[in-house]
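> Enclosed is the structure file target_3.txt (compact mmCIF, N, CA and C atoms).
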```
# COMPACT_ATOMS: atom_id res chain seq x y z
N MET R 1 4.36 -11.62 89.75
CA MET R 1 3.58 -11.42 88.57
C MET R 1 3.74 -12.60 87.62
N ALA R 2 4.95 -13.09 87.46
CA ALA R 2 5.18 -14.20 86.54
C ALA R 2 4.37 -15.42 86.94
N ALA R 3 4.30 -15.71 88.23
CA ALA R 3 3.56 -16.88 88.68
C ALA R 3 2.08 -16.74 88.35
N VAL R 4 1.54 -15.56 88.49
CA VAL R 4 0.13 -15.33 88.16
C VAL R 4 -0.11 -15.59 86.68
N HIS R 5 0.76 -15.06 85.82
CA HIS R 5 0.62 -15.28 84.38
C HIS R 5 0.75 -16.75 84.02
N ARG R 6 1.71 -17.45 84.65
CA ARG R 6 1.88 -18.87 84.35
C ARG R 6 0.62 -19.66 84.73
N ARG R 7 0.06 -19.37 85.90
CA ARG R 7 -1.17 -20.07 86.32
C ARG R 7 -2.30 -19.76 85.35
N HIS R 8 -2.44 -18.51 84.96
CA HIS R 8 -3.50 -18.11 84.04
C HIS R 8 -3.32 -18.81 82.70
N ASN R 9 -2.10 -18.87 82.19
CA ASN R 9 -1.86 -19.47 80.89
C ASN R 9 -2.13 -20.97 80.90
N ARG R 10 -1.84 -21.64 82.00
CA ARG R 10 -2.18 -23.06 82.08
C ARG R 10 -3.70 -23.22 82.02
N ALA R 11 -4.40 -22.32 82.70
CA ALA R 11 -5.86 -22.39 82.70
C ALA R 11 -6.42 -22.06 81.31
N ALA R 12 -5.75 -21.17 80.58
CA ALA R 12 -6.24 -20.74 79.27
C ALA R 12 -6.02 -21.83 78.21
N GLN R 13 -5.04 -22.67 78.37
CA GLN R 13 -4.73 -23.80 77.49
C GLN R 13 -4.85 -23.45 76.02
N GLY R 14 -3.77 -22.89 75.50
CA GLY R 14 -3.71 -22.64 74.08
C GLY R 14 -4.15 -21.26 73.65
N ARG R 15 -4.71 -20.48 74.52
CA ARG R 15 -5.09 -19.12 74.17
C ARG R 15 -3.90 -18.20 74.37
N ASP R 16 -3.82 -17.18 73.53
CA ASP R 16 -2.74 -16.21 73.66
C ASP R 16 -2.96 -15.31 74.87
N ALA R 17 -1.87 -14.90 75.46
CA ALA R 17 -1.90 -13.90 76.54
C ALA R 17 -1.15 -12.69 76.02
N ALA R 18 -1.86 -11.58 75.80
CA ALA R 18 -1.25 -10.38 75.22
C ALA R 18 -1.72 -9.15 75.99
N PRO R 19 -1.09 -8.88 77.13
CA PRO R 19 -1.52 -7.74 77.94
C PRO R 19 -1.16 -6.41 77.28
N PRO R 20 -1.98 -5.38 77.52
CA PRO R 20 -1.64 -4.05 77.01
C PRO R 20 -0.58 -3.41 77.89
N VAL R 21 0.42 -2.77 77.28
CA VAL R 21 1.48 -2.09 78.01
C VAL R 21 1.83 -0.80 77.30
N ASP R 22 2.32 0.16 78.05
CA ASP R 22 2.90 1.36 77.45
C ASP R 22 4.37 1.05 77.20
N GLY R 23 4.93 1.60 76.14
CA GLY R 23 6.32 1.35 75.83
C GLY R 23 7.06 2.63 75.51
N ALA R 24 8.22 2.80 76.09
CA ALA R 24 9.10 3.94 75.81
C ALA R 24 10.49 3.57 76.26
N ASP R 25 11.48 4.08 75.51
CA ASP R 25 12.84 3.85 75.95
C ASP R 25 13.56 5.19 75.97
N GLY R 26 14.63 5.23 76.71
CA GLY R 26 15.39 6.46 76.85
C GLY R 26 15.48 6.89 78.30
N PRO R 27 16.36 7.85 78.58
CA PRO R 27 16.64 8.22 79.97
C PRO R 27 15.48 8.90 80.70
N HIS R 28 14.61 9.61 79.99
CA HIS R 28 13.51 10.31 80.66
C HIS R 28 12.19 9.57 80.54
N ALA R 29 12.20 8.43 79.88
CA ALA R 29 10.97 7.69 79.63
C ALA R 29 10.25 7.26 80.90
N PRO R 30 10.93 6.74 81.92
CA PRO R 30 10.19 6.25 83.08
C PRO R 30 9.28 7.29 83.72
N ARG R 31 9.80 8.46 83.98
CA ARG R 31 8.99 9.50 84.63
C ARG R 31 7.83 9.92 83.73
N ARG R 32 8.10 10.13 82.45
CA ARG R 32 7.07 10.58 81.51
C ARG R 32 5.94 9.55 81.42
N VAL R 33 6.29 8.29 81.29
CA VAL R 33 5.27 7.28 81.13
C VAL R 33 4.52 7.03 82.44
N ARG R 34 5.21 7.08 83.56
CA ARG R 34 4.50 6.94 84.84
C ARG R 34 3.42 7.99 84.96
N ASN R 35 3.75 9.22 84.57
CA ASN R 35 2.76 10.30 84.65
C ASN R 35 1.57 10.03 83.75
N LEU R 36 1.80 9.40 82.60
CA LEU R 36 0.72 9.05 81.68
C LEU R 36 -0.03 7.80 82.12
N ALA R 37 0.67 6.86 82.71
CA ALA R 37 0.08 5.57 83.04
C ALA R 37 -0.75 5.58 84.31
N ARG R 38 -0.43 6.44 85.24
CA ARG R 38 -1.15 6.44 86.53
C ARG R 38 -2.66 6.62 86.39
N PRO R 39 -3.13 7.63 85.63
CA PRO R 39 -4.59 7.78 85.53
C PRO R 39 -5.27 6.56 84.91
N GLN R 40 -4.67 5.98 83.88
CA GLN R 40 -5.26 4.81 83.26
C GLN R 40 -5.25 3.61 84.20
N ALA R 41 -4.15 3.43 84.91
CA ALA R 41 -4.07 2.32 85.87
C ALA R 41 -5.12 2.50 86.97
N ALA R 42 -5.26 3.72 87.48
CA ALA R 42 -6.26 3.98 88.52
C ALA R 42 -7.67 3.71 88.00
N LEU R 43 -7.94 4.11 86.76
CA LEU R 43 -9.25 3.86 86.15
C LEU R 43 -9.54 2.37 86.11
N TYR R 44 -8.59 1.59 85.60
CA TYR R 44 -8.83 0.15 85.47
C TYR R 44 -8.89 -0.54 86.82
N ILE R 45 -7.97 -0.20 87.71
CA ILE R 45 -7.95 -0.85 89.03
C ILE R 45 -9.13 -0.41 89.88
N GLY R 46 -9.48 0.87 89.78
CA GLY R 46 -10.50 1.40 90.66
C GLY R 46 -11.88 1.60 90.10
N GLY R 47 -11.98 1.89 88.80
CA GLY R 47 -13.26 2.33 88.28
C GLY R 47 -13.92 1.46 87.23
N MET R 48 -13.32 0.35 86.86
CA MET R 48 -13.89 -0.47 85.78
C MET R 48 -14.71 -1.62 86.34
N GLY R 49 -15.69 -1.28 87.12
CA GLY R 49 -16.57 -2.29 87.67
C GLY R 49 -16.81 -2.06 89.15
N PRO R 50 -17.82 -2.71 89.67
CA PRO R 50 -18.15 -2.54 91.09
C PRO R 50 -17.17 -3.30 91.98
N ARG R 51 -17.20 -2.99 93.25
CA ARG R 51 -16.40 -3.76 94.21
C ARG R 51 -16.78 -5.23 94.07
N GLY R 52 -15.78 -6.08 93.95
CA GLY R 52 -16.04 -7.50 93.81
C GLY R 52 -16.32 -7.93 92.38
N GLY R 53 -16.34 -6.99 91.43
CA GLY R 53 -16.64 -7.34 90.05
C GLY R 53 -15.74 -6.63 89.05
N ASN R 54 -14.50 -6.37 89.45
CA ASN R 54 -13.56 -5.64 88.60
C ASN R 54 -12.38 -6.56 88.29
N PHE R 55 -12.29 -7.02 87.03
CA PHE R 55 -11.23 -7.95 86.62
C PHE R 55 -9.85 -7.38 86.92
N SER R 56 -9.60 -6.13 86.56
CA SER R 56 -8.28 -5.54 86.75
C SER R 56 -7.92 -5.46 88.23
N ASN R 57 -8.87 -5.09 89.05
CA ASN R 57 -8.63 -5.02 90.48
C ASN R 57 -8.28 -6.40 91.02
N ASP R 58 -9.03 -7.41 90.59
CA ASP R 58 -8.75 -8.78 91.03
C ASP R 58 -7.35 -9.22 90.60
N LEU R 59 -6.96 -8.88 89.37
CA LEU R 59 -5.65 -9.26 88.86
C LEU R 59 -4.54 -8.60 89.66
N ILE R 60 -4.67 -7.31 89.94
CA ILE R 60 -3.65 -6.59 90.70
C ILE R 60 -3.53 -7.16 92.11
N ARG R 61 -4.63 -7.59 92.68
CA ARG R 61 -4.58 -8.25 93.99
C ARG R 61 -3.77 -9.54 93.89
N ARG R 62 -3.98 -10.30 92.81
CA ARG R 62 -3.23 -11.55 92.64
C ARG R 62 -1.74 -11.27 92.41
N TYR R 63 -1.40 -10.09 91.90
CA TYR R 63 0.00 -9.70 91.74
C TYR R 63 0.65 -9.39 93.09
N GLY R 64 -0.16 -9.31 94.15
CA GLY R 64 0.39 -9.05 95.47
C GLY R 64 0.11 -7.66 96.01
N TYR R 65 -0.73 -6.92 95.35
CA TYR R 65 -1.05 -5.55 95.76
C TYR R 65 -2.47 -5.47 96.31
N GLU R 66 -2.80 -6.35 97.22
CA GLU R 66 -4.17 -6.43 97.74
C GLU R 66 -4.62 -5.15 98.41
N ALA R 67 -3.83 -4.65 99.34
CA ALA R 67 -4.23 -3.44 100.08
C ALA R 67 -4.32 -2.23 99.14
N GLN R 68 -3.35 -2.11 98.24
CA GLN R 68 -3.35 -0.98 97.32
C GLN R 68 -4.54 -1.04 96.37
N ALA R 69 -4.86 -2.22 95.87
CA ALA R 69 -6.00 -2.38 94.96
C ALA R 69 -7.29 -1.98 95.65
N ARG R 70 -7.45 -2.41 96.88
CA ARG R 70 -8.66 -2.06 97.65
C ARG R 70 -8.74 -0.55 97.86
N GLN R 71 -7.61 0.05 98.24
CA GLN R 71 -7.59 1.48 98.51
C GLN R 71 -7.84 2.30 97.23
N ILE R 72 -7.21 1.91 96.12
CA ILE R 72 -7.41 2.61 94.85
C ILE R 72 -8.88 2.53 94.45
N GLN R 73 -9.48 1.35 94.58
CA GLN R 73 -10.88 1.21 94.19
C GLN R 73 -11.79 2.03 95.09
N ASP R 74 -11.56 1.99 96.38
CA ASP R 74 -12.38 2.78 97.30
C ASP R 74 -12.30 4.27 96.97
N LEU R 75 -11.09 4.76 96.78
CA LEU R 75 -10.92 6.18 96.45
C LEU R 75 -11.59 6.52 95.12
N TYR R 76 -11.36 5.68 94.12
CA TYR R 76 -11.89 5.97 92.79
C TYR R 76 -13.42 5.97 92.79
N LEU R 77 -14.01 4.94 93.38
CA LEU R 77 -15.47 4.84 93.38
C LEU R 77 -16.11 5.90 94.26
N ASP R 78 -15.36 6.45 95.20
CA ASP R 78 -15.87 7.54 96.03
C ASP R 78 -15.66 8.91 95.38
N GLY R 79 -15.12 8.92 94.15
CA GLY R 79 -14.94 10.16 93.40
C GLY R 79 -13.61 10.85 93.61
N ASN R 80 -12.69 10.23 94.31
CA ASN R 80 -11.38 10.81 94.58
C ASN R 80 -10.34 10.27 93.59
N LYS R 81 -10.51 10.60 92.33
CA LYS R 81 -9.69 10.02 91.27
C LYS R 81 -8.21 10.38 91.40
N LYS R 82 -7.91 11.63 91.69
CA LYS R 82 -6.49 12.04 91.81
C LYS R 82 -5.81 11.32 92.97
N GLU R 83 -6.52 11.16 94.06
CA GLU R 83 -5.94 10.42 95.20
C GLU R 83 -5.74 8.95 94.83
N ALA R 84 -6.68 8.39 94.06
CA ALA R 84 -6.53 7.00 93.62
C ALA R 84 -5.30 6.86 92.72
N GLU R 85 -5.11 7.82 91.81
CA GLU R 85 -3.94 7.79 90.93
C GLU R 85 -2.65 7.81 91.74
N ALA R 86 -2.61 8.62 92.77
CA ALA R 86 -1.40 8.75 93.58
C ALA R 86 -1.07 7.45 94.32
N LYS R 87 -2.06 6.61 94.52
CA LYS R 87 -1.86 5.36 95.26
C LYS R 87 -1.40 4.20 94.38
N VAL R 88 -1.38 4.39 93.06
CA VAL R 88 -0.91 3.32 92.18
C VAL R 88 0.59 3.13 92.43
N PRO R 89 1.01 1.95 92.87
CA PRO R 89 2.41 1.74 93.22
C PRO R 89 3.35 1.88 92.02
N LEU R 90 4.44 2.60 92.24
CA LEU R 90 5.46 2.76 91.21
C LEU R 90 5.96 1.40 90.73
N GLU R 91 6.19 0.49 91.65
CA GLU R 91 6.68 -0.83 91.29
C GLU R 91 5.73 -1.54 90.33
N LEU R 92 4.42 -1.40 90.55
CA LEU R 92 3.44 -2.00 89.66
C LEU R 92 3.54 -1.40 88.27
N LEU R 93 3.63 -0.07 88.18
CA LEU R 93 3.75 0.58 86.88
C LEU R 93 4.99 0.10 86.14
N GLU R 94 6.07 -0.10 86.88
CA GLU R 94 7.30 -0.59 86.27
C GLU R 94 7.15 -2.03 85.79
N GLN R 95 6.41 -2.84 86.54
CA GLN R 95 6.26 -4.25 86.19
C GLN R 95 5.36 -4.47 84.98
N VAL R 96 4.37 -3.63 84.79
CA VAL R 96 3.38 -3.89 83.75
C VAL R 96 3.56 -3.04 82.51
N ASN R 97 4.68 -2.35 82.40
CA ASN R 97 4.97 -1.54 81.22
C ASN R 97 6.40 -1.82 80.75
N LEU R 98 6.71 -1.39 79.56
CA LEU R 98 8.05 -1.53 78.99
C LEU R 98 8.65 -0.13 78.90
N VAL R 99 9.22 0.32 80.00
CA VAL R 99 9.67 1.71 80.08
C VAL R 99 11.03 1.79 80.73
N GLY R 100 11.95 2.45 80.06
CA GLY R 100 13.27 2.66 80.63
C GLY R 100 14.35 2.52 79.57
N PRO R 101 15.60 2.43 80.02
CA PRO R 101 16.70 2.22 79.08
C PRO R 101 16.49 0.92 78.31
N ALA R 102 17.09 0.84 77.13
CA ALA R 102 16.90 -0.32 76.26
C ALA R 102 17.19 -1.63 76.98
N SER R 103 18.25 -1.68 77.79
CA SER R 103 18.60 -2.92 78.48
C SER R 103 17.48 -3.34 79.44
N TYR R 104 16.87 -2.37 80.11
CA TYR R 104 15.78 -2.67 81.05
C TYR R 104 14.54 -3.14 80.29
N VAL R 105 14.23 -2.50 79.17
CA VAL R 105 13.08 -2.91 78.38
C VAL R 105 13.26 -4.35 77.90
N ARG R 106 14.46 -4.69 77.46
CA ARG R 106 14.73 -6.07 77.04
C ARG R 106 14.56 -7.05 78.21
N GLU R 107 14.97 -6.66 79.41
CA GLU R 107 14.77 -7.51 80.59
C GLU R 107 13.29 -7.73 80.86
N ARG R 108 12.50 -6.67 80.72
CA ARG R 108 11.05 -6.77 80.96
C ARG R 108 10.40 -7.67 79.90
N ILE R 109 10.85 -7.56 78.66
CA ILE R 109 10.32 -8.43 77.61
C ILE R 109 10.60 -9.89 77.96
N ALA R 110 11.82 -10.16 78.43
CA ALA R 110 12.18 -11.53 78.83
C ALA R 110 11.30 -12.00 79.99
N ALA R 111 11.03 -11.11 80.94
CA ALA R 111 10.18 -11.48 82.08
C ALA R 111 8.75 -11.79 81.62
N PHE R 112 8.22 -10.98 80.71
CA PHE R 112 6.89 -11.26 80.17
C PHE R 112 6.89 -12.63 79.47
N ARG R 113 7.90 -12.86 78.64
CA ARG R 113 7.99 -14.13 77.90
C ARG R 113 8.05 -15.30 78.88
N GLU R 114 8.90 -15.18 79.90
CA GLU R 114 9.05 -16.25 80.89
C GLU R 114 7.74 -16.53 81.63
N SER R 115 6.92 -15.51 81.80
CA SER R 115 5.67 -15.70 82.52
C SER R 115 4.58 -16.33 81.65
N GLY R 116 4.87 -16.52 80.36
CA GLY R 116 3.89 -17.16 79.49
C GLY R 116 3.16 -16.21 78.56
N VAL R 117 3.50 -14.94 78.61
CA VAL R 117 2.88 -13.97 77.71
C VAL R 117 3.33 -14.28 76.29
N THR R 118 2.38 -14.35 75.37
CA THR R 118 2.69 -14.71 73.99
C THR R 118 2.71 -13.51 73.05
N GLY R 119 2.29 -12.36 73.52
CA GLY R 119 2.31 -11.15 72.72
C GLY R 119 2.06 -9.96 73.61
N LEU R 120 2.38 -8.79 73.12
CA LEU R 120 2.15 -7.57 73.89
C LEU R 120 1.43 -6.55 73.01
N GLN R 121 0.47 -5.87 73.59
CA GLN R 121 -0.22 -4.79 72.91
C GLN R 121 0.43 -3.49 73.40
N VAL R 122 1.39 -2.98 72.65
CA VAL R 122 2.20 -1.86 73.11
C VAL R 122 1.66 -0.54 72.56
N THR R 123 1.49 0.42 73.45
CA THR R 123 1.19 1.79 73.06
C THR R 123 2.49 2.57 73.15
N PRO R 124 3.08 2.93 72.00
CA PRO R 124 4.34 3.68 72.04
C PRO R 124 4.12 5.09 72.58
N VAL R 125 4.97 5.50 73.48
CA VAL R 125 4.90 6.82 74.07
C VAL R 125 6.21 7.53 73.78
N GLY R 126 6.13 8.72 73.25
CA GLY R 126 7.35 9.48 72.97
C GLY R 126 7.35 10.05 71.56
N GLY R 127 8.47 10.63 71.21
CA GLY R 127 8.58 11.35 69.96
C GLY R 127 8.85 10.51 68.73
N ASP R 128 9.18 9.23 68.89
CA ASP R 128 9.49 8.38 67.74
C ASP R 128 8.77 7.04 67.87
N PRO R 129 7.44 7.03 67.75
CA PRO R 129 6.72 5.78 67.95
C PRO R 129 7.11 4.70 66.94
N ALA R 130 7.33 5.07 65.69
CA ALA R 130 7.71 4.07 64.68
C ALA R 130 9.07 3.46 65.03
N GLY R 131 10.01 4.28 65.48
CA GLY R 131 11.32 3.77 65.88
C GLY R 131 11.22 2.83 67.06
N LEU R 132 10.38 3.17 68.03
CA LEU R 132 10.20 2.29 69.18
C LEU R 132 9.61 0.95 68.74
N VAL R 133 8.62 0.99 67.87
CA VAL R 133 8.03 -0.26 67.39
C VAL R 133 9.08 -1.11 66.68
N ARG R 134 9.93 -0.48 65.85
CA ARG R 134 11.01 -1.22 65.19
C ARG R 134 11.94 -1.88 66.21
N ARG R 135 12.34 -1.10 67.23
CA ARG R 135 13.24 -1.66 68.25
C ARG R 135 12.56 -2.80 69.01
N LEU R 136 11.30 -2.63 69.36
CA LEU R 136 10.60 -3.69 70.08
C LEU R 136 10.50 -4.96 69.24
N LYS R 137 10.28 -4.80 67.95
CA LYS R 137 10.23 -5.99 67.07
C LYS R 137 11.58 -6.70 67.08
N GLU R 138 12.66 -5.94 67.04
CA GLU R 138 14.00 -6.55 67.09
C GLU R 138 14.20 -7.28 68.42
N TRP R 139 13.82 -6.63 69.51
CA TRP R 139 14.07 -7.20 70.84
C TRP R 139 13.20 -8.41 71.13
N THR R 140 12.06 -8.53 70.43
CA THR R 140 11.18 -9.67 70.70
C THR R 140 11.37 -10.80 69.70
N ALA R 141 12.20 -10.59 68.69
CA ALA R 141 12.40 -11.64 67.66
C ALA R 141 13.16 -12.82 68.20
```
Please render this file's structure as structure tokens.


Amino acid sequence: MAAVHRRHNRAAQGRDAAPPVDGADGPHAPRRVRNLARPQAALYIGGMGPRGGNFSNDLIRRYGYEAQARQIQDLYLDGNKKEAEAKVPLELLEQVNLVGPASYVRERIAAFRESGVTGLQVTPVGGDPAGLVRRLKEWTA
């Protein structure tokens, strides 16, 4: 994923890269957010454009999930949304979100930064969104 972002950022030359991510910390956050993120990921990978014309699908393929992206899109466009959701790889959800214990979230922030990401559009998930935003600001300073 980092290599894809670095290549994109060189091509963008001076433009910010700020991907949208879900954010949550704590011991139960990963499972909770995965359950919330799967339908949205399936929608973007599978349903946001025709075959051959879906930016998110193309990006996920460049991340190394070619077969999964194709399968998710086929299922989604054929009306099998729940099956498409089930095919979204756990590893992908972990890579593209900030979810888990604080130490893991900080590692993911570092990985995003190293890949050339200049900002993150975080959707806080959980019972203390303001607290999460405060912690994320500290961790990204």

> Run DSSP on the backbone of this structure and report the residues of range 16-128 of chain R it assigns to helix (DSSP H, G or I), as a VMD selection string.

chain R and resid 29 to 47 55 to 62 66 to 77 81 to 86 90 to 95 102 to 114

> Please provide the set of residues having any atom within 8 Å of range 129-140 of chain R, restricted to only N, CA and C atoms, with same-chain residues fewer than 3 positions apart removed, written as a ChimeraX atom specification.

/R:23-25,105-106,109-110,123-126

> What's the separation between CA of Arg61 in chain R and atom N of Ile45 in chain R, in Å to one decimal place?

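Pair CA of Arg61 in chain R / atom N of Ile45 in chain R returns 10.8 Å.
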
> Which one of R:Gly46, R:Leu98, R:Val33, R:Ser103 sits closest to Val122 in chain R if you count only N, CA and C atoms?

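Result for the nearest residue to Val122 in chain R: R:Leu98.
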
> Quick one: pull the distance between CA of Ala69 in chain R and CA of Gly53 in chain R, Å, one decimal.

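Pair CA of Ala69 in chain R / CA of Gly53 in chain R returns 12.7 Å.
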